[in-house]
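Asker: This structure is in C-alpha cells; I'll ask about it shortly.
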2 protein chains.
Amino acid sequence: MSENLAPDSSLQQQMETFEETCRTADLKLTHQRLEIYRELARATDHPSAETLHTRLQKSLPTLSLDTVYRTLATFEQHHLVKKVQTVDSQAHFEAQMSQHHHVICDSCKEIMDFHWNSFDSTPLPEDLRQWGAIRNKNVTIHGTCRKCQDVKAGKKPA
Amino acid sequence: MSENLAPDSSLQQQMETFEETCRTADLKLTHQRLEIYRELARATDHPSAETLHTRLQKSLPTLSLDTVYRTLATFEQHHLVKKVQTVDSQAHFEAQMSQHHHVICDSCKEIMDFHWNSFDSTPLPEDLRQWGAIRNKNVTIHGTCRKCQDVKAGKKPA
DNA sequence: TTCTCGGTAAGAATTATTCTTATTTGCATA
DNA sequence: TATGCAAATAAGAATAATTCTTACCGAGAA
Ligand SMILES: [Mn+2]
Ligand SMILES: [Mn+2]
Ligand SMILES: [Zn+2]
Ligand SMILES: [Zn+2]
C-alpha cells in the first residue's frame, strides 16, 4: 500500500520547483497539472499514462486519460518529466530528472533506478567523439529481480 | 542507395546460423522468413516493422505487414532478433545479437551501434548485486549527430 | 505425389495515443 | 469582486501501431 513512493522530504521542494517552472513557462497551474505532476513525482515505479490515470481517479474522478497524455507531453517539452526508454507498447514516465540509470526485470517489468557515479564520470570511447554532440549517456540493465526469481523457485515471499 | 548495409562477408555466415537455428527449433524455412531475416541482418539502421515491410516490397510484393510483425515476434522468441529500446511509438528491430551499444540522434532518430569493451568488462556497482540475476547491461547515448548539427548550422553536406 | 500442420494474407479487431470541439477555468485587469 | 479571454479540459471521434481470426497455401515428411 505504501509501495512505490519517494521519500516525502524532497517532494515539497520538487513541487515548488515545478510551480516555478510552470510560471516561468506561462503554463497555467491547473488542478490537473498539479496532481498529475505530484503523483508522478511521488512514484518510483515509472508508471504509464494509464497507470497514472488510474491512481488519480481518487483525487480527480473526472480526469480524462487524454489530459494525462497531453499534460505529460507538455511537461516533457518543458523538461519536467521524461519518457523512459522501454521495449513496452505503453510509454512509461518519470519526474526524476537527475542523472540515474535503470534496472528492468524482464519478468515483472518493474523498472528501478540506480546510481553509478564512476560510470557517469567515465569518458566515452574515442571513436564516438566525432559522432556529434552528446547530451547524455545511460545504462540499462536487464535481468530477473529477486522477487521473480523466488517465485520461479517456488519460494514464499518474506 | 548503398547506405545502411552491413559488410557482406559475414552475412553468408549469419544466414547459415539462422537456417541452422530454425531447423533446430522446428521453424519452417519459408521464403518470407528467409527474406525478412536477410533484410534485417543486412540493415545497420534498426528498422521498424513497417520500414522492413517497405524494403521487402521489391523482393516479396505480396508480403503482408502482419507477417513481418509475426515473424519478427517469432524470431525474437528464438533469440534471432532483438527489439531495440526506444522512446518511439514504432518498435525497432535488429539482428545484431552480439554485445554492443547505441547512440541515438534525437533530431533524425538514427540509431547507430558502437562497441565499448572496457565498459563491458567493468563490474556493476555493489548495491546492484543483490537486486537479482543480471542478464545484460547496455549503454544508450543521446545527442545530435554531425549531419543534423551541420543542417542546423546551415552547412551543405559534403 | 500426397498428406499434414504450421505459416501466410487479408481484413477485422484491439490497444495506445492523438485530434476535434464545445465547455470550463486560471488569472489578469477593472 | 466582477469581467474578459486565451489556454486547458472532457468527451468522443479519429488515427496509428500491433495483433487476432479465418480460410487458404506450401514446406517437408513419408
Ligand atoms: Mn528512473
Ligand atoms: Mn544495434
Ligand atoms: Zn521481477
Ligand atoms: Zn541526426
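Each chain in the C-alpha cells gets a letter, A, B and so on, in the order shown; residues start at 1 in every chain, and ligands are counted from 1 in the order they appear.
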Show me which residues are within 10 Å of ligand 2 counting only C-alpha atoms (C1' of nucleotides) and all ligand atoms, and format the list as a PyMOL selection string.
Answerer: chain B and resi 43-46+82-85+92-103+111-115
Asker: Mind writing the picked residues with N, CA, C and O atoms as a compact mmCIF listing (two decimals), in the first residue's frame?
Answerer:
```
# COMPACT_ATOMS: atom_id res chain seq x y z
N ALA B 43 20.68 -4.74 -42.66
CA ALA B 43 20.49 -3.36 -42.24
C ALA B 43 21.39 -3.00 -41.06
O ALA B 43 21.70 -3.83 -40.22
N THR B 44 21.80 -1.76 -41.00
CA THR B 44 22.54 -1.29 -39.83
C THR B 44 21.76 -0.20 -39.11
O THR B 44 22.25 0.39 -38.17
N ASP B 45 20.54 0.03 -39.57
CA ASP B 45 19.80 1.19 -39.03
C ASP B 45 18.62 0.84 -38.12
O ASP B 45 17.79 1.70 -37.85
N HIS B 46 18.52 -0.40 -37.67
CA HIS B 46 17.47 -0.73 -36.70
C HIS B 46 16.09 -0.35 -37.19
O HIS B 46 15.40 0.46 -36.56
N LYS B 82 16.37 -8.85 -31.87
CA LYS B 82 16.04 -8.13 -30.64
C LYS B 82 15.21 -6.90 -30.96
O LYS B 82 15.39 -6.28 -32.01
N LYS B 83 14.31 -6.57 -30.05
CA LYS B 83 13.63 -5.29 -30.11
C LYS B 83 14.56 -4.28 -29.50
O LYS B 83 15.18 -4.54 -28.46
N VAL B 84 14.69 -3.12 -30.13
CA VAL B 84 15.56 -2.09 -29.61
C VAL B 84 14.76 -1.16 -28.71
O VAL B 84 13.66 -0.75 -29.07
N GLN B 85 15.30 -0.86 -27.54
CA GLN B 85 14.62 0.07 -26.63
C GLN B 85 14.68 1.48 -27.17
O GLN B 85 15.76 2.04 -27.34
N HIS B 92 11.52 -0.86 -32.99
CA HIS B 92 12.66 -1.02 -33.89
C HIS B 92 13.36 -2.34 -33.60
O HIS B 92 13.40 -2.78 -32.46
N PHE B 93 13.91 -2.93 -34.66
CA PHE B 93 14.49 -4.26 -34.55
C PHE B 93 15.91 -4.34 -35.07
O PHE B 93 16.33 -3.52 -35.90
N GLU B 94 16.63 -5.36 -34.61
CA GLU B 94 17.97 -5.62 -35.13
C GLU B 94 18.26 -7.11 -35.06
O GLU B 94 17.71 -7.83 -34.23
N ALA B 95 19.15 -7.55 -35.96
CA ALA B 95 19.54 -8.96 -35.98
C ALA B 95 20.93 -9.12 -35.35
O ALA B 95 21.44 -10.23 -35.21
N GLN B 96 21.52 -8.01 -35.02
CA GLN B 96 22.86 -7.99 -34.41
C GLN B 96 22.74 -8.41 -32.95
O GLN B 96 22.30 -7.63 -32.13
N MET B 97 23.10 -9.65 -32.64
CA MET B 97 22.86 -10.16 -31.30
C MET B 97 24.07 -10.04 -30.37
O MET B 97 23.94 -10.22 -29.16
N SER B 98 25.24 -9.75 -30.91
CA SER B 98 26.41 -9.68 -30.03
C SER B 98 26.41 -8.36 -29.26
O SER B 98 25.78 -7.39 -29.66
N GLN B 99 27.12 -8.36 -28.17
CA GLN B 99 27.14 -7.21 -27.26
C GLN B 99 27.56 -5.92 -27.95
O GLN B 99 28.64 -5.84 -28.54
N HIS B 100 26.68 -4.93 -27.89
CA HIS B 100 27.04 -3.60 -28.39
C HIS B 100 26.10 -2.58 -27.79
O HIS B 100 25.17 -2.92 -27.06
N HIS B 101 26.32 -1.33 -28.10
CA HIS B 101 25.54 -0.24 -27.50
C HIS B 101 25.00 0.68 -28.59
O HIS B 101 25.33 0.52 -29.76
N HIS B 102 24.17 1.64 -28.18
CA HIS B 102 23.51 2.51 -29.16
C HIS B 102 23.72 4.00 -28.90
O HIS B 102 23.66 4.44 -27.76
N VAL B 103 23.93 4.72 -29.99
CA VAL B 103 23.88 6.19 -29.97
C VAL B 103 22.67 6.59 -30.78
O VAL B 103 22.51 6.12 -31.91
N ILE B 111 19.65 5.45 -35.21
CA ILE B 111 20.23 4.64 -34.14
C ILE B 111 21.48 3.96 -34.66
O ILE B 111 21.41 3.22 -35.64
N MET B 112 22.62 4.24 -34.05
CA MET B 112 23.87 3.63 -34.50
C MET B 112 24.46 2.71 -33.44
O MET B 112 24.30 2.95 -32.26
N ASP B 113 25.14 1.68 -33.90
CA ASP B 113 25.83 0.77 -32.99
C ASP B 113 27.20 1.33 -32.62
O ASP B 113 27.82 2.03 -33.41
N PHE B 114 27.66 1.00 -31.43
CA PHE B 114 29.07 1.19 -31.13
C PHE B 114 29.50 0.15 -30.10
O PHE B 114 28.67 -0.48 -29.45
N HIS B 115 30.80 -0.01 -29.99
CA HIS B 115 31.34 -1.01 -29.07
C HIS B 115 32.12 -0.31 -27.97
O HIS B 115 32.63 0.79 -28.16
```
Asker: Pick out the residues no farther than 12 Å from ligand 3, counting only C-alpha atoms (C1' of nucleotides) and all ligand atoms, and list them as a ChimeraX atom specification.
Answerer: /A:103-112,142-152 /B:131-134
Asker: Go ahead and save the residues from that selection, with N, CA, C and O atoms, as a short mmCIF file (atom, residue, chain, number, x, y, z; two decimals), in the first residue's frame.
Answerer:
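Saved to again.cif:
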```cif
data_model
loop_
_atom_site.label_atom_id
_atom_site.label_comp_id
_atom_site.auth_asym_id
_atom_site.auth_seq_id
_atom_site.Cartn_x
_atom_site.Cartn_y
_atom_site.Cartn_z
N VAL A 103 17.38 -0.46 -13.95
CA VAL A 103 17.39 -1.92 -13.99
C VAL A 103 15.97 -2.35 -14.27
O VAL A 103 15.06 -1.90 -13.58
N ILE A 104 15.79 -3.20 -15.25
CA ILE A 104 14.45 -3.65 -15.61
C ILE A 104 14.34 -5.15 -15.43
O ILE A 104 15.20 -5.90 -15.91
N CYS A 105 13.31 -5.58 -14.73
CA CYS A 105 13.06 -7.01 -14.59
C CYS A 105 12.25 -7.47 -15.80
O CYS A 105 11.14 -6.98 -16.02
N ASP A 106 12.82 -8.37 -16.57
CA ASP A 106 12.13 -8.83 -17.79
C ASP A 106 10.91 -9.67 -17.47
O ASP A 106 10.06 -9.90 -18.32
N SER A 107 10.82 -10.11 -16.24
CA SER A 107 9.69 -10.94 -15.84
C SER A 107 8.50 -10.09 -15.39
O SER A 107 7.42 -10.18 -15.96
N CYS A 108 8.69 -9.23 -14.39
CA CYS A 108 7.56 -8.44 -13.89
C CYS A 108 7.56 -7.02 -14.46
O CYS A 108 6.68 -6.22 -14.15
N LYS A 109 8.57 -6.71 -15.30
CA LYS A 109 8.63 -5.42 -15.98
C LYS A 109 8.91 -4.23 -15.06
O LYS A 109 8.84 -3.08 -15.50
N GLU A 110 9.19 -4.50 -13.80
CA GLU A 110 9.47 -3.39 -12.89
C GLU A 110 10.74 -2.66 -13.32
O GLU A 110 11.74 -3.28 -13.67
N ILE A 111 10.68 -1.34 -13.28
CA ILE A 111 11.82 -0.51 -13.64
C ILE A 111 12.31 0.20 -12.38
O ILE A 111 11.56 0.93 -11.76
N MET A 112 13.56 -0.05 -12.01
CA MET A 112 14.10 0.58 -10.82
C MET A 112 15.25 1.52 -11.16
O MET A 112 15.99 1.28 -12.10
N HIS A 142 19.19 -5.36 -17.78
CA HIS A 142 18.06 -6.28 -17.82
C HIS A 142 18.39 -7.55 -17.06
O HIS A 142 19.54 -7.98 -17.04
N GLY A 143 17.36 -8.12 -16.44
CA GLY A 143 17.57 -9.35 -15.71
C GLY A 143 16.28 -9.80 -15.06
O GLY A 143 15.20 -9.44 -15.51
N THR A 144 16.40 -10.57 -14.01
CA THR A 144 15.24 -11.04 -13.25
C THR A 144 15.42 -10.62 -11.81
O THR A 144 16.44 -10.95 -11.20
N CYS A 145 14.44 -9.91 -11.28
CA CYS A 145 14.59 -9.39 -9.92
C CYS A 145 14.45 -10.54 -8.91
O CYS A 145 13.92 -11.59 -9.22
N ARG A 146 14.92 -10.29 -7.72
CA ARG A 146 14.89 -11.29 -6.66
C ARG A 146 13.50 -11.87 -6.45
O ARG A 146 13.31 -13.09 -6.39
N LYS A 147 12.51 -10.98 -6.39
CA LYS A 147 11.13 -11.42 -6.20
C LYS A 147 10.73 -12.46 -7.23
O LYS A 147 10.21 -13.53 -6.89
N CYS A 148 10.98 -12.15 -8.50
CA CYS A 148 10.60 -13.06 -9.57
C CYS A 148 11.42 -14.35 -9.54
O CYS A 148 10.90 -15.42 -9.88
N GLN A 149 12.66 -14.25 -9.15
CA GLN A 149 13.49 -15.45 -9.01
C GLN A 149 12.88 -16.38 -7.97
O GLN A 149 12.75 -17.58 -8.19
N ASP A 150 12.48 -15.79 -6.85
CA ASP A 150 11.91 -16.57 -5.76
C ASP A 150 10.61 -17.23 -6.17
O ASP A 150 10.36 -18.38 -5.84
N VAL A 151 9.78 -16.48 -6.86
CA VAL A 151 8.51 -17.05 -7.33
C VAL A 151 8.77 -18.25 -8.21
O VAL A 151 8.17 -19.30 -8.06
N LYS A 152 9.74 -18.08 -9.12
CA LYS A 152 10.05 -19.17 -10.04
C LYS A 152 10.58 -20.39 -9.28
O LYS A 152 10.32 -21.54 -9.64
N TRP B 131 20.12 -7.22 -6.33
CA TRP B 131 18.82 -6.96 -6.99
C TRP B 131 18.20 -8.23 -7.55
O TRP B 131 16.99 -8.41 -7.51
N GLY B 132 19.05 -9.09 -8.13
CA GLY B 132 18.56 -10.31 -8.76
C GLY B 132 19.60 -10.86 -9.70
O GLY B 132 20.79 -10.65 -9.50
N ALA B 133 19.15 -11.54 -10.75
CA ALA B 133 20.07 -12.11 -11.73
C ALA B 133 20.16 -11.17 -12.92
O ALA B 133 19.16 -10.92 -13.59
N ILE B 134 21.34 -10.66 -13.18
CA ILE B 134 21.50 -9.70 -14.26
C ILE B 134 21.90 -10.41 -15.55
O ILE B 134 22.80 -11.26 -15.56
#
```
Asker: Report, in Å to a single decimal, how far apart C1' of DT18 in chain D and CA of Leu72 in chain A are.
Answerer: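 Result for CA of Leu72 in chain A versus C1' of DT18 in chain D: 23.3 Å, one decimal.
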Asker: Which residues in chain B does DSSP call alpha helix (DSSP H)? List them as a PyMOL selection string.
Answerer: chain B and resi 9-24+31-42+49-56+65-77+117-120+146-152
Asker: For DC20 in chain D, find every residue with an atom within 9 Å (counting only C-alpha atoms (C1' of nucleotides)), except residues of its own chain fewer than 4 positions away, and show them as number ranges by chain.
Answerer: C: 12-14
Asker: Chain B residues within 9 Å of chain D, counting only C-alpha atoms (C1' of nucleotides): which ones, as a ChimeraX atom specification?
Answerer: /B:28-30,66,69-70,89-91
Asker: Would you kindly report the residues of chain C within 9 Å of chain A, using only C-alpha atoms (C1' of nucleotides), as a CSV table (one decimal) with C-alpha atoms (C1' of nucleotides), in the first residue's frame?
Answerer:
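Output below, filename selection-v3.csv:
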```csv
chain,number,residue,atom,x,y,z
C,15,DT,C1',-4.7,-1.2,-27.9
C,16,DA,C1',-2.3,3.1,-27.4
C,17,DT,C1',-2.3,7.7,-28.4
C,18,DT,C1',-3.9,12.0,-30.5
C,25,DT,C1',-11.1,27.6,-15.7
C,26,DG,C1',-6.9,30.3,-14.4
C,27,DC,C1',-5.6,34.6,-14.0
```
Asker: Would you mind writing down, as number ranges by chain, each residue of chain B that DSSP on the backbone assigns to strand (DSSP E or B)?
Answerer: B: 5, 43, 48, 82-84, 86, 92-94, 101-105, 111-114, 132-145
Asker: Include N, CA, C and O atoms and write out the residues we just selected as a CSV table (one decimal), in the first residue's frame.
Answerer:
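Final output, again_2.csv:
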```csv
chain,number,residue,atom,x,y,z
B,5,LEU,N,23.9,-0.7,-44.9
B,5,LEU,CA,24.2,-2.1,-45.2
B,5,LEU,C,25.4,-2.6,-44.4
B,5,LEU,O,26.4,-1.9,-44.3
B,43,ALA,N,20.7,-4.7,-42.7
B,43,ALA,CA,20.5,-3.4,-42.2
B,43,ALA,C,21.4,-3.0,-41.1
B,43,ALA,O,21.7,-3.8,-40.2
B,48,SER,N,12.0,-0.3,-38.3
B,48,SER,CA,10.8,-0.7,-37.8
B,48,SER,C,10.2,-1.8,-38.7
B,48,SER,O,10.6,-2.0,-39.8
B,82,LYS,N,16.4,-8.8,-31.9
B,82,LYS,CA,16.0,-8.1,-30.6
B,82,LYS,C,15.2,-6.9,-31.0
B,82,LYS,O,15.4,-6.3,-32.0
B,83,LYS,N,14.3,-6.6,-30.1
B,83,LYS,CA,13.6,-5.3,-30.1
B,83,LYS,C,14.6,-4.3,-29.5
B,83,LYS,O,15.2,-4.5,-28.5
B,84,VAL,N,14.7,-3.1,-30.1
B,84,VAL,CA,15.6,-2.1,-29.6
B,84,VAL,C,14.8,-1.2,-28.7
B,84,VAL,O,13.7,-0.8,-29.1
B,86,THR,N,13.5,2.1,-27.4
B,86,THR,CA,13.5,3.5,-27.8
B,86,THR,C,12.3,4.1,-27.1
B,86,THR,O,11.6,3.5,-26.4
B,92,HIS,N,11.5,-0.9,-33.0
B,92,HIS,CA,12.7,-1.0,-33.9
B,92,HIS,C,13.4,-2.3,-33.6
B,92,HIS,O,13.4,-2.8,-32.5
B,93,PHE,N,13.9,-2.9,-34.7
B,93,PHE,CA,14.5,-4.3,-34.5
B,93,PHE,C,15.9,-4.3,-35.1
B,93,PHE,O,16.3,-3.5,-35.9
B,94,GLU,N,16.6,-5.4,-34.6
B,94,GLU,CA,18.0,-5.6,-35.1
B,94,GLU,C,18.3,-7.1,-35.1
B,94,GLU,O,17.7,-7.8,-34.2
B,101,HIS,N,26.3,-1.3,-28.1
B,101,HIS,CA,25.5,-0.2,-27.5
B,101,HIS,C,25.0,0.7,-28.6
B,101,HIS,O,25.3,0.5,-29.8
B,102,HIS,N,24.2,1.6,-28.2
B,102,HIS,CA,23.5,2.5,-29.2
B,102,HIS,C,23.7,4.0,-28.9
B,102,HIS,O,23.7,4.4,-27.8
B,103,VAL,N,23.9,4.7,-30.0
B,103,VAL,CA,23.9,6.2,-30.0
B,103,VAL,C,22.7,6.6,-30.8
B,103,VAL,O,22.5,6.1,-31.9
B,104,ILE,N,21.8,7.4,-30.2
B,104,ILE,CA,20.6,7.8,-30.9
B,104,ILE,C,20.6,9.3,-31.1
B,104,ILE,O,20.9,10.1,-30.2
B,105,CYS,N,20.4,9.7,-32.4
B,105,CYS,CA,20.3,11.2,-32.7
B,105,CYS,C,18.8,11.6,-32.4
B,105,CYS,O,17.9,11.1,-33.0
B,111,ILE,N,19.7,5.4,-35.2
B,111,ILE,CA,20.2,4.6,-34.1
B,111,ILE,C,21.5,4.0,-34.7
B,111,ILE,O,21.4,3.2,-35.6
B,112,MET,N,22.6,4.2,-34.1
B,112,MET,CA,23.9,3.6,-34.5
B,112,MET,C,24.5,2.7,-33.4
B,112,MET,O,24.3,3.0,-32.3
B,113,ASP,N,25.1,1.7,-33.9
B,113,ASP,CA,25.8,0.8,-33.0
B,113,ASP,C,27.2,1.3,-32.6
B,113,ASP,O,27.8,2.0,-33.4
B,114,PHE,N,27.7,1.0,-31.4
B,114,PHE,CA,29.1,1.2,-31.1
B,114,PHE,C,29.5,0.2,-30.1
B,114,PHE,O,28.7,-0.5,-29.4
B,132,GLY,N,19.1,-9.1,-8.1
B,132,GLY,CA,18.6,-10.3,-8.8
B,132,GLY,C,19.6,-10.9,-9.7
B,132,GLY,O,20.8,-10.7,-9.5
B,133,ALA,N,19.2,-11.5,-10.7
B,133,ALA,CA,20.1,-12.1,-11.7
B,133,ALA,C,20.2,-11.2,-12.9
B,133,ALA,O,19.2,-10.9,-13.6
B,134,ILE,N,21.3,-10.7,-13.2
B,134,ILE,CA,21.5,-9.7,-14.3
B,134,ILE,C,21.9,-10.4,-15.5
B,134,ILE,O,22.8,-11.3,-15.6
B,135,ARG,N,21.2,-10.1,-16.6
B,135,ARG,CA,21.4,-10.8,-17.9
B,135,ARG,C,22.3,-10.0,-18.8
B,135,ARG,O,23.2,-10.5,-19.5
B,136,ASN,N,22.1,-8.7,-18.8
B,136,ASN,CA,23.0,-7.8,-19.7
B,136,ASN,C,22.9,-6.4,-19.3
B,136,ASN,O,22.0,-5.9,-18.6
B,137,LYS,N,23.9,-5.6,-19.6
B,137,LYS,CA,24.0,-4.2,-19.3
B,137,LYS,C,24.4,-3.4,-20.6
B,137,LYS,O,25.3,-3.8,-21.3
B,138,ASN,N,23.6,-2.4,-20.9
B,138,ASN,CA,23.9,-1.7,-22.1
B,138,ASN,C,23.8,-0.1,-21.9
B,138,ASN,O,23.1,0.4,-21.1
B,139,VAL,N,24.6,0.5,-22.8
B,139,VAL,CA,24.7,2.0,-22.7
B,139,VAL,C,23.9,2.5,-23.9
B,139,VAL,O,23.9,2.0,-25.0
B,140,THR,N,23.1,3.6,-23.6
B,140,THR,CA,22.4,4.3,-24.7
B,140,THR,C,22.9,5.8,-24.5
B,140,THR,O,22.8,6.3,-23.5
B,141,ILE,N,23.3,6.3,-25.7
B,141,ILE,CA,23.7,7.7,-25.7
B,141,ILE,C,22.8,8.5,-26.5
B,141,ILE,O,22.3,8.0,-27.6
B,142,HIS,N,22.4,9.6,-26.0
B,142,HIS,CA,21.5,10.5,-26.8
B,142,HIS,C,22.3,11.8,-27.1
B,142,HIS,O,23.1,12.3,-26.4
B,143,GLY,N,22.0,12.4,-28.3
B,143,GLY,CA,22.6,13.6,-28.7
B,143,GLY,C,22.2,14.0,-30.1
B,143,GLY,O,21.1,13.6,-30.5
B,144,THR,N,23.0,14.8,-30.7
B,144,THR,CA,22.7,15.2,-32.1
B,144,THR,C,23.8,14.9,-33.0
B,144,THR,O,25.0,15.2,-32.7
B,145,CYS,N,23.5,14.1,-34.0
B,145,CYS,CA,24.6,13.6,-34.9
B,145,CYS,C,25.2,14.8,-35.7
B,145,CYS,O,24.6,15.8,-35.9
```
Asker: Hey, which of A:Gly154, A:Trp116, A:Ala73, A:Ser121 ends up closest to chain B? Count only C-alpha atoms.
Answerer: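 Residue with the minimum atom-to-atom distance to chain B: A:Trp116.
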Asker: State, in Å with one decimal place, the distance from CA of Ser118 in chain A to atom 1 (Mn, counted along the ligand's line) of ligand 1.
Answerer: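 For CA of Ser118 in chain A relative to atom 1 (Mn, counted along the ligand's line) of ligand 1, the distance reads 18.0 Å.
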